[in-house]
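One structure below.
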Amino acid sequence: MCDAVASKNLQDLLAPLAKAVAIASRRAQKVLKDQIGRGSCAHIFSLADELVVLLAQPIDVIAMKVPVYVSQDISKRVNNVARSMELHNHHNHRLGAPIHFASHAACLAGAPEALPVHRRANKAKHEWSVTAGKERPEHNDGNSNSRAAGCWCHELEAR
């Protein structure tokens, strides 16, 4: 059996499983909503939803994805960082060499459209709300220019 046929057969087997997971998840949500209240255990059901979406993907996509579980308070940030890392990896492969800064790799790879993705990732990693009553400690690392030197894309950002 060739790979394409095996892949199609596997997808045909997984489709009913995805439907069964979706139905079971919705039924469990209804029971919990009726007994405990709306939104109870939402993060658990998001895992079930993630599984349903994953099972609907082509088998080669399923094989390349790995779930990552993080605390709920940073979960939305992680998606931005992961997308940036995927692009950074793609640009490094395109260039044939590892480039330290993601935005610099995007510039060198001729992909200025990736810069907003990297900005969102940097914001996700570095911009945190201040705890009430505490001031931000002073920090000076001696580097006033954190942007990659000589990268023409940063001129586009300033516009």
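Numbering starts fresh at 1 for the residues of each chain in the structure tokens, the chains themselves are lettered A, B, ... in the order given, and ligands are numbered from 1 as they appear.
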Can you tell me which residues surround range 50-57 of chain A at a distance of at most 6 Å, considering only C-alpha atoms, apart from same-chain residues fewer than 2 positions away, and format the answer as JSON, numbers by chain? {"A": [18, 47, 48]}
List as a VMD selection string the protein and nucleic acid residues near range 20-36 of chain A, meaning an atom at most 9 Å away when only C-alpha atoms are counted, but skip any in the same chain fewer than 2 places from it. chain A and resid 15 to 18 38 to 42 45 48 to 49 51 to 52
What does the file look like for those residues with all heavy atoms, as a tab-separated table (two decimals), in the first residue's frame?
chain	number	residue	atom	x	y	z
A	15	ALA	N	-11.40	10.38	11.45
A	15	ALA	CA	-12.54	11.31	11.35
A	15	ALA	C	-13.66	10.96	12.32
A	15	ALA	O	-14.14	11.84	13.05
A	15	ALA	CB	-13.05	11.37	9.91
A	16	PRO	N	-14.11	9.69	12.40
A	16	PRO	CA	-15.16	9.37	13.38
A	16	PRO	C	-14.70	9.57	14.82
A	16	PRO	O	-15.48	9.93	15.70
A	16	PRO	CB	-15.48	7.90	13.12
A	16	PRO	CG	-14.92	7.60	11.78
A	16	PRO	CD	-13.80	8.55	11.54
A	17	LEU	N	-13.40	9.33	15.08
A	17	LEU	CA	-12.85	9.55	16.41
A	17	LEU	C	-12.95	11.03	16.79
A	17	LEU	O	-13.35	11.37	17.91
A	17	LEU	CB	-11.40	9.07	16.49
A	17	LEU	CG	-10.67	9.34	17.80
A	17	LEU	CD1	-11.37	8.62	18.96
A	17	LEU	CD2	-9.22	8.91	17.70
A	18	ALA	N	-12.62	11.90	15.86
A	18	ALA	CA	-12.71	13.34	16.11
A	18	ALA	C	-14.15	13.72	16.43
A	18	ALA	O	-14.42	14.49	17.37
A	18	ALA	CB	-12.21	14.12	14.91
A	38	ARG	N	-21.51	27.99	34.10
A	38	ARG	CA	-20.90	28.25	32.80
A	38	ARG	C	-19.39	28.52	32.95
A	38	ARG	O	-18.96	29.20	33.86
A	38	ARG	CB	-21.59	29.45	32.17
A	38	ARG	CG	-21.10	29.77	30.79
A	38	ARG	CD	-21.86	30.97	30.23
A	38	ARG	NE	-21.29	31.41	29.00
A	38	ARG	CZ	-21.70	31.02	27.81
A	38	ARG	NH1	-22.71	30.18	27.71
A	38	ARG	NH2	-21.13	31.45	26.71
A	39	GLY	N	-18.62	27.98	32.02
A	39	GLY	CA	-17.18	28.23	31.99
A	39	GLY	C	-16.37	27.32	32.89
A	39	GLY	O	-15.16	27.45	32.95
A	40	SER	N	-17.03	26.41	33.61
A	40	SER	CA	-16.29	25.53	34.50
A	40	SER	C	-15.40	24.59	33.68
A	40	SER	O	-15.82	24.03	32.68
A	40	SER	CB	-17.24	24.74	35.40
A	40	SER	OG	-18.21	24.09	34.64
A	41	CYS	N	-14.20	24.47	34.10
A	41	CYS	CA	-13.22	23.58	33.45
A	41	CYS	C	-13.00	23.92	31.97
A	41	CYS	O	-12.74	23.03	31.16
A	41	CYS	CB	-13.63	22.12	33.60
A	41	CYS	SG	-13.82	21.60	35.31
A	42	ALA	N	-13.08	25.18	31.63
A	42	ALA	CA	-12.96	25.59	30.23
A	42	ALA	C	-11.63	25.15	29.62
A	42	ALA	O	-11.57	24.75	28.45
A	42	ALA	CB	-13.12	27.10	30.09
A	45	PHE	N	-11.73	21.58	28.40
A	45	PHE	CA	-12.47	21.40	27.15
A	45	PHE	C	-11.73	22.00	25.96
A	45	PHE	O	-11.89	21.54	24.84
A	45	PHE	CB	-13.89	21.95	27.30
A	45	PHE	CG	-14.70	21.13	28.27
A	45	PHE	CD1	-15.05	21.64	29.49
A	45	PHE	CD2	-15.05	19.82	27.96
A	45	PHE	CE1	-15.77	20.87	30.40
A	45	PHE	CE2	-15.76	19.05	28.85
A	45	PHE	CZ	-16.12	19.57	30.08
A	48	ALA	N	-9.78	19.25	24.53
A	48	ALA	CA	-10.60	18.37	23.69
A	48	ALA	C	-10.83	19.02	22.32
A	48	ALA	O	-10.74	18.35	21.28
A	48	ALA	CB	-11.93	18.07	24.36
A	49	ASP	N	-11.09	20.32	22.33
A	49	ASP	CA	-11.28	21.04	21.06
A	49	ASP	C	-10.01	21.00	20.22
A	49	ASP	O	-10.06	20.83	19.00
A	49	ASP	CB	-11.68	22.49	21.32
A	49	ASP	CG	-13.06	22.62	21.91
A	49	ASP	OD1	-13.83	21.64	21.84
A	49	ASP	OD2	-13.37	23.70	22.46
A	51	LEU	N	-7.77	18.66	20.25
A	51	LEU	CA	-7.67	17.31	19.70
A	51	LEU	C	-8.57	17.13	18.49
A	51	LEU	O	-8.16	16.57	17.47
A	51	LEU	CB	-8.02	16.27	20.77
A	51	LEU	CG	-8.04	14.81	20.31
A	51	LEU	CD1	-6.66	14.38	19.78
A	51	LEU	CD2	-8.48	13.90	21.44
A	52	VAL	N	-9.79	17.65	18.56
A	52	VAL	CA	-10.73	17.54	17.44
A	52	VAL	C	-10.16	18.25	16.21
A	52	VAL	O	-10.17	17.71	15.10
A	52	VAL	CB	-12.11	18.11	17.82
A	52	VAL	CG1	-13.01	18.23	16.59
A	52	VAL	CG2	-12.76	17.25	18.89
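Of note, CA of Gly110 in chain A and CA of Ile62 in chain A are spaced 29.3 Å apart.
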Have a look at CA of His126 in chain A and CA of Pro112 in chain A and let me know their distance in Å, one decimal. 21.5 Å
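Here CA of Lys76 in chain A is placed at a distance of 19.9 Å from CA of Ala102 in chain A.
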For Ala97 in chain A, which residue out of A:Ala109, A:Pro67, A:Ala114, A:Ser46 is the nearest one, using only C-alpha atoms?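 Going through A:Ala109, A:Pro67, A:Ala114, A:Ser46 one by one, the smallest distance to Ala97 in chain A is for A:Ala109.
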